[in-house]
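A.B. asks: Questions regarding the structure given below will be posed in turn.
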Amino acid sequence: MKRAGQKVVAGTEAPATSQTSKKLKTSLHSSGFEEPDPCTSMDWGNLPHHVILRVFQFLTLVDRARASSVCRRWNEVFHIPDLWRRFEFELSQPATSYLKSTHPDLIQQIIKRHADHLQYVSFKVDSSTESAEAACDILSQLVNCSIKTLGLISTAKPSFMNVSKAHFASALTVVFVNSKSLSSIKIDDTPLDDPSLKVLVANNSDTLKLLKMSSCPHVSPAGILCVADQCHGLKELALNYYILSDELLLALSSEKHVDLEHLRIDVVSENPGQVQFHTIKKQSWDALVKHSPKVNIVMYFFLYEDEFDAFFREETPVTHLYFGRAVSKAMLGRIGMNCPRLIELVVCANGLQPLDDELIQIAERCKNLTAMGLGECEVTCRGFIEFVKMCGGRLTQLSIMEEVLIPDNDYSLDRLHLEVSKHLGRMWFPDMMPTW
């Protein structure tokens, strides 16, 4: 047996008993020594780069910046390119916005040291023109960039629309010309124009796959047609209806073009009764679906009732329909007749006329319908149950406000939820109107 004062070599003896351990601690404290704290004794400055990098990837930008001041090694990791491939610039005016703004010093450091590392970039700005102009100023300095995705996001209108078209176009040109690898662009509600699109196409036609540019009033049908004619890898497109044309659909259906996956269309009227909407020919829609049979065609309507005349008078291959304003019974009847590919239908408002017949027709003819939402409308309980019975378990989403359903002699609201649940194959209840 070893004596108490004899040195013990690690791994050659059994662990000390709890009594011996207590004596050892007492002896250490009485002699003026303490057990070393592993956190204070570890040399954090000599951690491997990959370990520090992994830690930094879990930190917010602010915490990462603070951690970079620990030592020179941590500051080196702070500037590793992998940490700067994805960045969101937040630009706001303190007096008018709740957003936190990216510090100007950090912005200059990014431009100076990491412009060529940025790949996934977005700008989130408040409603002030100053913030949008600041975003344009940053874009103008990214002369060494290799950006793949670019997003310009306004938390409230008008923002970018208040920037001069020349300033905005000049800033975008820097990115469009220098990146040459842009695959995804989201620039809604901006003064984007046709010349800018031509610059985009001239430098990124082989890489562009997604383009979202709704509410860009300076873009014409000819401008977007230029994109479709030359960007044959385009898979997703979001635009306003006024620049949709038969020529555009045919260009997207050419043999050179890949299959389009998503076409999102905003149909918006700001001046009731003053906008005449053109009609897209059935042959153009047919050509698109023949070329891209799985394409999702999503349409968002914000029209007044007397402005729907140009839509759905012929078969239209729309898959998702959202009506943000009141839509007439006649219009819903046309949808049941002419939208056989319909997957989702959301109607925010209709009026005080029950929609039983229209819903039953939609259930009969729209065999792919899996999602339905009704807001300020009216449907009798009997009519609604008949609709659900015809659709059956394929209705994976069914959101109906309780106020929509009108009790009748056959069904009360209490019985309705049981009957609907039976046909859906799962428990279902109507949505309740919030009371706050």
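Chain identifiers are assigned as A, B, and so on, following the order in which chains appear in the structure tokens; residues are numbered from 1 within each chain, and ligands are numbered from 1 in order of appearance.
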Counting only C-alpha atoms, what is within 10 Å of segment 166-178 of chain A, bar same-chain residues fewer than 5 positions away, as a count of residues only?

C.D. replies: 33

A.B. asks: Extract, using only C-alpha atoms, all DNA, RNA and protein residues at most 12 Å from Gln57 of chain A, discarding same-chain residues fewer than 4 positions from it, and format them as a PDB file with N, CA and C atoms, in the first residue's frame.

C.D. replies:
ATOM      1  N   HIS A  50     -10.966  25.722 -36.752  1.00  0.00           N
ATOM      2  CA  HIS A  50     -12.254  25.139 -37.115  1.00  0.00           C
ATOM      3  C   HIS A  50     -13.210  25.086 -35.923  1.00  0.00           C
ATOM      4  N   VAL A  51     -12.644  24.976 -34.698  1.00  0.00           N
ATOM      5  CA  VAL A  51     -13.490  24.968 -33.512  1.00  0.00           C
ATOM      6  C   VAL A  51     -14.065  26.369 -33.265  1.00  0.00           C
ATOM      7  N   ILE A  52     -13.208  27.377 -33.353  1.00  0.00           N
ATOM      8  CA  ILE A  52     -13.676  28.759 -33.165  1.00  0.00           C
ATOM      9  C   ILE A  52     -14.700  29.114 -34.244  1.00  0.00           C
ATOM     10  N   LEU A  53     -14.432  28.683 -35.462  1.00  0.00           N
ATOM     11  CA  LEU A  53     -15.362  28.960 -36.565  1.00  0.00           C
ATOM     12  C   LEU A  53     -16.723  28.350 -36.282  1.00  0.00           C
ATOM     13  N   LEU A  61     -24.554  38.301 -35.130  1.00  0.00           N
ATOM     14  CA  LEU A  61     -23.499  39.166 -35.647  1.00  0.00           C
ATOM     15  C   LEU A  61     -22.894  40.018 -34.542  1.00  0.00           C
ATOM     16  N   ASP A  63     -22.782  39.430 -31.238  1.00  0.00           N
ATOM     17  CA  ASP A  63     -21.975  38.611 -30.330  1.00  0.00           C
ATOM     18  C   ASP A  63     -20.685  38.146 -31.007  1.00  0.00           C
ATOM     19  N   ARG A  64     -20.782  37.886 -32.306  1.00  0.00           N
ATOM     20  CA  ARG A  64     -19.594  37.480 -33.047  1.00  0.00           C
ATOM     21  C   ARG A  64     -18.553  38.600 -33.074  1.00  0.00           C
ATOM     22  N   ALA A  65     -19.039  39.819 -33.269  1.00  0.00           N
ATOM     23  CA  ALA A  65     -18.132  40.967 -33.289  1.00  0.00           C
ATOM     24  C   ALA A  65     -17.474  41.164 -31.923  1.00  0.00           C
ATOM     25  N   ALA A  67     -16.963  38.799 -29.686  1.00  0.00           N
ATOM     26  CA  ALA A  67     -16.035  37.683 -29.469  1.00  0.00           C
ATOM     27  C   ALA A  67     -14.728  37.895 -30.234  1.00  0.00           C
ATOM     28  N   VAL A  77     -10.314  34.559 -37.137  1.00  0.00           N
ATOM     29  CA  VAL A  77     -11.441  33.693 -37.488  1.00  0.00           C
ATOM     30  C   VAL A  77     -12.659  34.532 -37.872  1.00  0.00           C
ATOM     31  N   PHE A  78     -12.838  35.663 -37.197  1.00  0.00           N
ATOM     32  CA  PHE A  78     -13.956  36.561 -37.476  1.00  0.00           C
ATOM     33  C   PHE A  78     -13.990  36.964 -38.954  1.00  0.00           C
ATOM     34  N   ILE A  80     -12.783  35.039 -41.511  1.00  0.00           N
ATOM     35  CA  ILE A  80     -12.729  33.909 -42.429  1.00  0.00           C
ATOM     36  C   ILE A  80     -13.882  34.028 -43.432  1.00  0.00           C
ATOM     37  N   ASP A  82     -15.867  32.068 -44.942  1.00  0.00           N
ATOM     38  CA  ASP A  82     -17.077  31.268 -44.736  1.00  0.00           C
ATOM     39  C   ASP A  82     -18.123  31.983 -43.892  1.00  0.00           C
ATOM     40  N   LEU A  83     -17.693  32.887 -43.022  1.00  0.00           N
ATOM     41  CA  LEU A  83     -18.629  33.608 -42.158  1.00  0.00           C
ATOM     42  C   LEU A  83     -19.290  34.784 -42.872  1.00  0.00           C
ATOM     43  N   TRP A  84     -18.843  35.093 -44.069  1.00  0.00           N
ATOM     44  CA  TRP A  84     -19.345  36.283 -44.752  1.00  0.00           C
ATOM     45  C   TRP A  84     -20.026  35.955 -46.071  1.00  0.00           C
ATOM     46  N   ARG A  85     -20.321  34.697 -46.306  1.00  0.00           N
ATOM     47  CA  ARG A  85     -21.009  34.347 -47.546  1.00  0.00           C
ATOM     48  C   ARG A  85     -22.475  34.777 -47.507  1.00  0.00           C
ATOM     49  N   ARG A  86     -23.058  34.782 -46.322  1.00  0.00           N
ATOM     50  CA  ARG A  86     -24.465  35.153 -46.162  1.00  0.00           C
ATOM     51  C   ARG A  86     -24.557  36.356 -45.218  1.00  0.00           C
TER      52      ARG A  86
END

A.B. asks: List every residue of segment 192-367 of chain A that DSSP, applied to the backbone, labels as alpha helix (DSSP H), and write the result as a ChimeraX atom specification.

C.D. replies: /A:194-204,221-230,246-252,282-291,329-338,356-365

A.B. asks: Looking at only C-alpha atoms, which of A:Ala287, A:Leu369, A:Ala156, A:Val121 is the one that sits closest to Ile185 of chain A?

C.D. replies: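 Smallest separation from Ile185 of chain A among the options: A:Val121.
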
A.B. asks: Which is closer to Ala228 of chain A than all the others in A:Lys256, A:His49, A:Arg54, A:Arg66, using only C-alpha atoms?

C.D. replies: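 With only C-alpha atoms as the atom set, the closest residue is A:Lys256.
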
A.B. asks: Quote the spacing between atom CA of Phe89 of chain A and atom CA of Leu118 of chain A in Å to one decimal place.

C.D. replies: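 Pair atom CA of Phe89 of chain A / atom CA of Leu118 of chain A returns 11.6 Å.
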
A.B. asks: Apply DSSP to the structure's backbone, then extract all residues of segment 47-262 of chain A labelled strand (DSSP E or B) and return them as JSON, numbers by chain.

C.D. replies: {"A": [86, 87, 88, 89, 90, 91, 120, 121, 122, 123, 124, 125, 149, 150, 151, 152, 153, 154, 184, 185, 186, 210, 211, 212, 236, 237, 238, 239, 240, 262]}

A.B. asks: Those residues you just picked out, can you put them in a file as a PDB file, in the first residue's frame with N, CA and C atoms?

C.D. replies:
ATOM      1  N   ARG A  86     -23.058  34.782 -46.322  1.00  0.00           N
ATOM      2  CA  ARG A  86     -24.465  35.153 -46.162  1.00  0.00           C
ATOM      3  C   ARG A  86     -24.557  36.356 -45.218  1.00  0.00           C
ATOM      4  N   PHE A  87     -25.184  37.432 -45.704  1.00  0.00           N
ATOM      5  CA  PHE A  87     -25.275  38.624 -44.853  1.00  0.00           C
ATOM      6  C   PHE A  87     -26.529  39.419 -45.197  1.00  0.00           C
ATOM      7  N   GLU A  88     -27.187  39.916 -44.150  1.00  0.00           N
ATOM      8  CA  GLU A  88     -28.355  40.788 -44.324  1.00  0.00           C
ATOM      9  C   GLU A  88     -28.036  42.169 -43.762  1.00  0.00           C
ATOM     10  N   PHE A  89     -28.037  43.157 -44.639  1.00  0.00           N
ATOM     11  CA  PHE A  89     -27.859  44.537 -44.215  1.00  0.00           C
ATOM     12  C   PHE A  89     -29.203  45.070 -43.726  1.00  0.00           C
ATOM     13  N   GLU A  90     -29.224  45.557 -42.491  1.00  0.00           N
ATOM     14  CA  GLU A  90     -30.424  46.182 -41.948  1.00  0.00           C
ATOM     15  C   GLU A  90     -30.194  47.685 -41.882  1.00  0.00           C
ATOM     16  N   LEU A  91     -31.024  48.425 -42.580  1.00  0.00           N
ATOM     17  CA  LEU A  91     -30.835  49.863 -42.699  1.00  0.00           C
ATOM     18  C   LEU A  91     -32.120  50.572 -42.295  1.00  0.00           C
ATOM     19  N   TYR A 120     -24.804  35.410 -50.610  1.00  0.00           N
ATOM     20  CA  TYR A 120     -26.246  35.429 -50.348  1.00  0.00           C
ATOM     21  C   TYR A 120     -26.543  36.704 -49.569  1.00  0.00           C
ATOM     22  N   VAL A 121     -27.023  37.713 -50.266  1.00  0.00           N
ATOM     23  CA  VAL A 121     -27.112  39.056 -49.695  1.00  0.00           C
ATOM     24  C   VAL A 121     -28.546  39.573 -49.760  1.00  0.00           C
ATOM     25  N   SER A 122     -28.981  40.190 -48.677  1.00  0.00           N
ATOM     26  CA  SER A 122     -30.278  40.852 -48.673  1.00  0.00           C
ATOM     27  C   SER A 122     -30.162  42.190 -47.951  1.00  0.00           C
ATOM     28  N   PHE A 123     -31.040  43.091 -48.323  1.00  0.00           N
ATOM     29  CA  PHE A 123     -31.118  44.406 -47.704  1.00  0.00           C
ATOM     30  C   PHE A 123     -32.522  44.575 -47.147  1.00  0.00           C
ATOM     31  N   LYS A 124     -32.614  44.755 -45.843  1.00  0.00           N
ATOM     32  CA  LYS A 124     -33.906  45.005 -45.208  1.00  0.00           C
ATOM     33  C   LYS A 124     -33.944  46.476 -44.790  1.00  0.00           C
ATOM     34  N   VAL A 125     -34.850  47.229 -45.376  1.00  0.00           N
ATOM     35  CA  VAL A 125     -34.909  48.664 -45.112  1.00  0.00           C
ATOM     36  C   VAL A 125     -36.291  49.033 -44.604  1.00  0.00           C
ATOM     37  N   THR A 149     -27.401  35.245 -54.705  1.00  0.00           N
ATOM     38  CA  THR A 149     -28.788  35.634 -54.450  1.00  0.00           C
ATOM     39  C   THR A 149     -28.811  37.051 -53.900  1.00  0.00           C
ATOM     40  N   LEU A 150     -29.790  37.824 -54.368  1.00  0.00           N
ATOM     41  CA  LEU A 150     -29.935  39.215 -53.941  1.00  0.00           C
ATOM     42  C   LEU A 150     -31.394  39.494 -53.645  1.00  0.00           C
ATOM     43  N   GLY A 151     -31.653  40.053 -52.454  1.00  0.00           N
ATOM     44  CA  GLY A 151     -33.011  40.415 -52.081  1.00  0.00           C
ATOM     45  C   GLY A 151     -33.067  41.838 -51.550  1.00  0.00           C
ATOM     46  N   LEU A 152     -34.018  42.601 -52.038  1.00  0.00           N
ATOM     47  CA  LEU A 152     -34.265  43.955 -51.546  1.00  0.00           C
ATOM     48  C   LEU A 152     -35.644  43.949 -50.895  1.00  0.00           C
ATOM     49  N   ILE A 153     -35.663  44.143 -49.583  1.00  0.00           N
ATOM     50  CA  ILE A 153     -36.888  43.964 -48.814  1.00  0.00           C
ATOM     51  C   ILE A 153     -37.253  45.261 -48.111  1.00  0.00           C
ATOM     52  N   SER A 154     -38.422  45.792 -48.395  1.00  0.00           N
ATOM     53  CA  SER A 154     -38.935  46.971 -47.700  1.00  0.00           C
ATOM     54  C   SER A 154     -39.953  46.514 -46.666  1.00  0.00           C
ATOM     55  N   SER A 184     -30.696  33.972 -58.076  1.00  0.00           N
ATOM     56  CA  SER A 184     -31.972  34.294 -57.446  1.00  0.00           C
ATOM     57  C   SER A 184     -32.019  35.776 -57.116  1.00  0.00           C
ATOM     58  N   ILE A 185     -33.070  36.463 -57.594  1.00  0.00           N
ATOM     59  CA  ILE A 185     -33.209  37.899 -57.367  1.00  0.00           C
ATOM     60  C   ILE A 185     -34.632  38.205 -56.944  1.00  0.00           C
ATOM     61  N   LYS A 186     -34.769  38.914 -55.824  1.00  0.00           N
ATOM     62  CA  LYS A 186     -36.082  39.372 -55.354  1.00  0.00           C
ATOM     63  C   LYS A 186     -36.024  40.889 -55.211  1.00  0.00           C
ATOM     64  N   LEU A 210     -34.337  32.241 -60.618  1.00  0.00           N
ATOM     65  CA  LEU A 210     -35.512  32.790 -59.937  1.00  0.00           C
ATOM     66  C   LEU A 210     -35.497  34.306 -60.048  1.00  0.00           C
ATOM     67  N   LEU A 211     -36.619  34.889 -60.451  1.00  0.00           N
ATOM     68  CA  LEU A 211     -36.745  36.337 -60.559  1.00  0.00           C
ATOM     69  C   LEU A 211     -38.110  36.755 -60.029  1.00  0.00           C
ATOM     70  N   LYS A 212     -38.099  37.510 -58.932  1.00  0.00           N
ATOM     71  CA  LYS A 212     -39.333  38.045 -58.349  1.00  0.00           C
ATOM     72  C   LYS A 212     -39.283  39.563 -58.482  1.00  0.00           C
ATOM     73  N   GLU A 236     -38.453  29.938 -61.836  1.00  0.00           N
ATOM     74  CA  GLU A 236     -39.490  30.600 -61.044  1.00  0.00           C
ATOM     75  C   GLU A 236     -39.541  32.067 -61.413  1.00  0.00           C
ATOM     76  N   LEU A 237     -40.766  32.563 -61.611  1.00  0.00           N
ATOM     77  CA  LEU A 237     -40.954  33.945 -62.031  1.00  0.00           C
ATOM     78  C   LEU A 237     -42.160  34.528 -61.316  1.00  0.00           C
ATOM     79  N   ALA A 238     -41.990  35.725 -60.744  1.00  0.00           N
ATOM     80  CA  ALA A 238     -43.091  36.439 -60.091  1.00  0.00           C
ATOM     81  C   ALA A 238     -43.170  37.835 -60.682  1.00  0.00           C
ATOM     82  N   LEU A 239     -44.374  38.213 -61.155  1.00  0.00           N
ATOM     83  CA  LEU A 239     -44.528  39.501 -61.831  1.00  0.00           C
ATOM     84  C   LEU A 239     -45.960  39.998 -61.705  1.00  0.00           C
ATOM     85  N   ASN A 240     -46.185  41.204 -62.196  1.00  0.00           N
ATOM     86  CA  ASN A 240     -47.528  41.758 -62.252  1.00  0.00           C
ATOM     87  C   ASN A 240     -48.221  41.356 -63.552  1.00  0.00           C
ATOM     88  N   HIS A 262     -42.637  27.510 -61.081  1.00  0.00           N
ATOM     89  CA  HIS A 262     -43.584  28.409 -60.427  1.00  0.00           C
ATOM     90  C   HIS A 262     -43.734  29.696 -61.234  1.00  0.00           C
TER      91      HIS A 262
END

A.B. asks: Could you tell me which of A:Met427, A:Leu59, A:Leu234, A:Met372 comes closest to Asp206 of chain A if we count only C-alpha atoms?

C.D. replies: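 Using only C-alpha atoms, Asp206 of chain A sits closest to A:Leu234.
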
A.B. asks: So, counting only C-alpha atoms, which residue among A:Thr396, A:Gln353, A:Gln283, A:Gln361 is closest to Thr380 of chain A?

C.D. replies: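 Looking only at the distances to Thr380 of chain A, the closest residue turns out to be A:Gln353.
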
A.B. asks: Quick one, how far is atom CA of Pro94 of chain A from atom CA of Lys165 of chain A?

C.D. replies: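 Going from atom CA of Pro94 of chain A over to atom CA of Lys165 of chain A, I get 25.5 Å.
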
A.B. asks: Identify which of the residues A:Ser292, A:Ser183, A:Gln108, A:Ser245 lies closest to His257 of chain A, counting only C-alpha atoms when measuring atom-to-atom distances.

C.D. replies: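 Result for the nearest residue to His257 of chain A: A:Ser292.
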
A.B. asks: Rank A:His320, A:Lys281, A:Lys367, A:Lys209 by their smallest atom-to-atom distance to Met299 of chain A, using only C-alpha atoms, and report the top residue only.

C.D. replies: A:His320

A.B. asks: What gap, in Å, lies between atom CA of Phe311 of chain A and atom CA of Gly373 of chain A?

C.D. replies: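 So the answer is 20.6 Å.
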